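One structure below.
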Amino acid sequence: ARMDADPAVLLGHRQEELLHRLRGLELVARQIDTEQRIQKLELLLHQVEGGERPAEHCPEREQDVAPTTQPPARICTAEGLLAGIGGVSDVVQRVGDECERLGTHSARLVRVRSDYYELTLDQRRGLLQAPSTAHLCKSLVMENTKATVEDLQIPGYHKYFLVVVQYEKPLNTEKLRTVVHRRWEGKIPKKRFNMRLVSSETNFELTGFDHNAVTPFGCKSGPQDMPVVLAESVARLEPKCLWLGGGETDLKLGLSLDDFIKAFNPMIEDIN
């Protein structure tokens, strides 16, 4: 019976059991570490295939990642753009196809951590290897809530605008109101302009993207239906590149300013 067993033997069995559990925990830890390293290697391979010079080393800590001073890697096809990001949905495919169609050869997609929006701007910059936090931008769908039925019948009139601004410099809605009204000055009174962020439902209806995933590329409403307004502060960035949403919340799209402006011919205005 077990109760009659030698205490030394029981202790030995207990030690073996504990060692077995420790080996199991060690195996799990190694698996997690391996998966993290594989993700880093896949990103490095994606950079090399895209023609981008990889970093001299692969730091373990995000704060050790040196910011690049060059525009994002040059990738010429949707297939190349989407390679290595994993899990290409119909939405992301739409973004890739649009980049290819528009000849946005500098585009680069990067899959980020699920807690990306809980990080500081500098930590996000480190993950993307952006030149500075000023290069991190967002796309906002803005609506003129004062538009009337009569206004909507006017050729060339638009109720919605896709606005690109930096996270560091919030949108000034009064300046945007002035910019939009200027197009119709003398024809429509300024009191019929009031620019506000659309609801999440309207945002999805107009763009096909969720919150924090909006990008002009692959947007359901093209610039002919929803003109693009680019903040002047973004247009003056050096080096000339920017990072935007990439169609999914954990996907970011980087490209050169020249390619962005060529693709959408945005209104470049002081709206901060």
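By convention here, the chains of the structure tokens are called A, B, ... in the order presented, each chain's residues are numbered starting at 1, and ligands are numbered starting at 1 in the order presented.
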
Closest-contact table, stretch 184-219 of chain A side, partner stretch 137-145 of chain A, 10 Å, counting only C-alpha atoms, as CSV:
```
residue,atom,partner,partner_atom,distance
A:Arg192,CA,A:Asn144,CA,8.1
A:Phe193,CA,A:Asn144,CA,5.7
A:Asn194,CA,A:Asn144,CA,5.1
A:Met195,CA,A:Asn144,CA,4.6
A:Arg196,CA,A:Glu143,CA,5.3
A:Leu197,CA,A:Met142,CA,4.6
A:Val198,CA,A:Met142,CA,5.7
A:Ser199,CA,A:Val141,CA,9.0
A:Ser200,CA,A:Val141,CA,9.7
A:Thr202,CA,A:Val141,CA,8.9
A:Asn203,CA,A:Val141,CA,6.5
A:Phe204,CA,A:Val141,CA,9.8
A:Leu206,CA,A:Val141,CA,8.4
A:Thr207,CA,A:Val141,CA,8.5
A:His211,CA,A:Leu140,CA,9.3
A:Asn212,CA,A:Lys138,CA,7.7
A:Ala213,CA,A:Ser139,CA,8.5
A:Val214,CA,A:Ser139,CA,5.8
A:Thr215,CA,A:Ser139,CA,6.1
A:Pro216,CA,A:Ser139,CA,7.6
```

| query | Which residues come within 10 Å of A:Asp250, counting only C-alpha atoms, excluding same-chain residues fewer than 3 positions away, as a PyMOL selection string? | reply | chain A and resi 110-117+212-213+245-247

Would you write out those residues with all heavy atoms, as a JSON list (two decimals), in the first residue's frame?
```
[["chain", "number", "residue", "atom", "x", "y", "z"],
["A", 110, "VAL", "N", 1.47, 46.42, -42.52],
["A", 110, "VAL", "CA", 2.08, 45.80, -41.34],
["A", 110, "VAL", "C", 0.99, 45.40, -40.36],
["A", 110, "VAL", "O", 0.12, 46.21, -40.02],
["A", 110, "VAL", "CB", 3.06, 46.77, -40.65],
["A", 110, "VAL", "CG1", 3.55, 46.18, -39.33],
["A", 110, "VAL", "CG2", 4.25, 47.07, -41.57],
["A", 111, "ARG", "N", 1.04, 44.15, -39.92],
["A", 111, "ARG", "CA", 0.10, 43.67, -38.90],
["A", 111, "ARG", "C", 0.66, 44.02, -37.53],
["A", 111, "ARG", "O", 1.83, 43.73, -37.24],
["A", 111, "ARG", "CB", -0.05, 42.15, -39.02],
["A", 111, "ARG", "CG", -1.07, 41.53, -38.09],
["A", 111, "ARG", "CD", -2.47, 41.72, -38.57],
["A", 111, "ARG", "NE", -2.78, 40.98, -39.79],
["A", 111, "ARG", "CZ", -3.97, 41.03, -40.38],
["A", 111, "ARG", "NH1", -4.96, 41.77, -39.86],
["A", 111, "ARG", "NH2", -4.21, 40.35, -41.49],
["A", 112, "VAL", "N", -0.13, 44.68, -36.69],
["A", 112, "VAL", "CA", 0.34, 45.13, -35.38],
["A", 112, "VAL", "C", -0.30, 44.32, -34.25],
["A", 112, "VAL", "O", -1.20, 43.51, -34.47],
["A", 112, "VAL", "CB", 0.06, 46.64, -35.17],
["A", 112, "VAL", "CG1", 0.83, 47.47, -36.18],
["A", 112, "VAL", "CG2", -1.44, 46.93, -35.25],
["A", 113, "ARG", "N", 0.16, 44.56, -33.04],
["A", 113, "ARG", "CA", -0.34, 43.86, -31.87],
["A", 113, "ARG", "C", -1.80, 44.22, -31.60],
["A", 113, "ARG", "O", -2.27, 45.30, -31.93],
["A", 113, "ARG", "CB", 0.49, 44.24, -30.64],
["A", 113, "ARG", "CG", 1.90, 43.79, -30.72],
["A", 113, "ARG", "CD", 2.84, 44.49, -29.75],
["A", 113, "ARG", "NE", 2.23, 44.86, -28.47],
["A", 113, "ARG", "CZ", 2.93, 45.32, -27.44],
["A", 113, "ARG", "NH1", 4.25, 45.43, -27.54],
["A", 113, "ARG", "NH2", 2.33, 45.65, -26.32],
["A", 114, "SER", "N", -2.50, 43.31, -30.94],
["A", 114, "SER", "CA", -3.92, 43.52, -30.63],
["A", 114, "SER", "C", -4.12, 44.67, -29.65],
["A", 114, "SER", "O", -5.19, 45.29, -29.63],
["A", 114, "SER", "CB", -4.54, 42.24, -30.07],
["A", 114, "SER", "OG", -3.87, 41.83, -28.89],
["A", 115, "ASP", "N", -3.09, 44.98, -28.86],
["A", 115, "ASP", "CA", -3.21, 46.08, -27.89],
["A", 115, "ASP", "C", -2.58, 47.37, -28.42],
["A", 115, "ASP", "O", -2.21, 48.26, -27.64],
["A", 115, "ASP", "CB", -2.56, 45.70, -26.55],
["A", 115, "ASP", "CG", -1.06, 45.44, -26.68],
["A", 115, "ASP", "OD1", -0.57, 45.32, -27.84],
["A", 115, "ASP", "OD2", -0.38, 45.35, -25.64],
["A", 116, "TYR", "N", -2.47, 47.47, -29.73],
["A", 116, "TYR", "CA", -1.82, 48.62, -30.38],
["A", 116, "TYR", "C", -2.36, 49.95, -29.86],
["A", 116, "TYR", "O", -1.59, 50.88, -29.56],
["A", 116, "TYR", "CB", -2.01, 48.51, -31.89],
["A", 116, "TYR", "CG", -1.43, 49.65, -32.70],
["A", 116, "TYR", "CD1", -0.09, 49.67, -33.05],
["A", 116, "TYR", "CD2", -2.24, 50.69, -33.15],
["A", 116, "TYR", "CE1", 0.45, 50.70, -33.81],
["A", 116, "TYR", "CE2", -1.72, 51.73, -33.91],
["A", 116, "TYR", "CZ", -0.38, 51.73, -34.23],
["A", 116, "TYR", "OH", 0.14, 52.76, -34.98],
["A", 117, "TYR", "N", -3.66, 50.08, -29.76],
["A", 117, "TYR", "CA", -4.26, 51.36, -29.37],
["A", 117, "TYR", "C", -4.18, 51.64, -27.87],
["A", 117, "TYR", "O", -4.61, 52.69, -27.41],
["A", 117, "TYR", "CB", -5.70, 51.46, -29.88],
["A", 117, "TYR", "CG", -5.73, 51.73, -31.36],
["A", 117, "TYR", "CD1", -6.00, 50.70, -32.27],
["A", 117, "TYR", "CD2", -5.45, 52.99, -31.87],
["A", 117, "TYR", "CE1", -5.99, 50.93, -33.64],
["A", 117, "TYR", "CE2", -5.44, 53.24, -33.22],
["A", 117, "TYR", "CZ", -5.71, 52.21, -34.10],
["A", 117, "TYR", "OH", -5.68, 52.45, -35.45],
["A", 212, "ASN", "N", -11.05, 52.73, -36.54],
["A", 212, "ASN", "CA", -9.59, 52.55, -36.46],
["A", 212, "ASN", "C", -9.02, 51.73, -37.60],
["A", 212, "ASN", "O", -7.84, 51.34, -37.55],
["A", 212, "ASN", "CB", -9.17, 51.92, -35.12],
["A", 212, "ASN", "CG", -9.25, 52.89, -33.97],
["A", 212, "ASN", "OD1", -9.12, 54.10, -34.15],
["A", 212, "ASN", "ND2", -9.47, 52.38, -32.77],
["A", 213, "ALA", "N", -9.82, 51.44, -38.62],
["A", 213, "ALA", "CA", -9.34, 50.66, -39.76],
["A", 213, "ALA", "C", -9.51, 51.42, -41.08],
["A", 213, "ALA", "O", -9.13, 50.92, -42.14],
["A", 213, "ALA", "CB", -10.08, 49.33, -39.85],
["A", 245, "GLY", "N", -4.63, 53.75, -41.33],
["A", 245, "GLY", "CA", -5.31, 52.48, -41.14],
["A", 245, "GLY", "C", -5.17, 51.65, -42.41],
["A", 245, "GLY", "O", -5.03, 52.20, -43.51],
["A", 246, "GLY", "N", -5.25, 50.32, -42.26],
["A", 246, "GLY", "CA", -5.04, 49.46, -43.42],
["A", 246, "GLY", "C", -6.20, 48.55, -43.76],
["A", 246, "GLY", "O", -6.04, 47.54, -44.44],
["A", 247, "GLY", "N", -7.42, 48.90, -43.29],
["A", 247, "GLY", "CA", -8.58, 48.09, -43.64],
["A", 247, "GLY", "C", -9.08, 47.23, -42.49],
["A", 247, "GLY", "O", -10.25, 46.85, -42.45]]
```

task: List every residue of stretch 111-261 of chain A that DSSP, applied to the backbone, labels as helix (DSSP H, G or I), and write the result as number ranges by chain.
output: A: 116-118, 121-128, 133-135, 149-152, 173-182, 190-192, 200-207, 232-235, 257-261

Nearest to A:Val228 by atom-to-atom distance, counting only C-alpha atoms, from A:Arg182, A:Arg23, A:His158, A:Lys252: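 Using only C-alpha atoms, the shortest distance to A:Val228 belongs to A:His158.
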
Please provide as a list in words all residues within 10 Å of A:Ser233, with the sequence filter that same-chain residues fewer than 3 positions apart are discarded (counting only C-alpha atoms).
Ala134, His135, Val165, Gln166, Lys169, Leu230, Arg236, Leu237, Ile268, Glu269, Asp270, Ile271 and Asn272 of chain A

Report, in Å to a single decimal, how far apart atom CA of A:Gly218 and atom CA of A:Leu82 are.
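Atom CA of A:Gly218 lies at a distance of 13.8 Å from atom CA of A:Leu82.
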
From the list A:Ile154, A:Val229, A:Ala78, A:Leu18, the nearest residue to A:Val179 using only C-alpha atoms is A:Val229
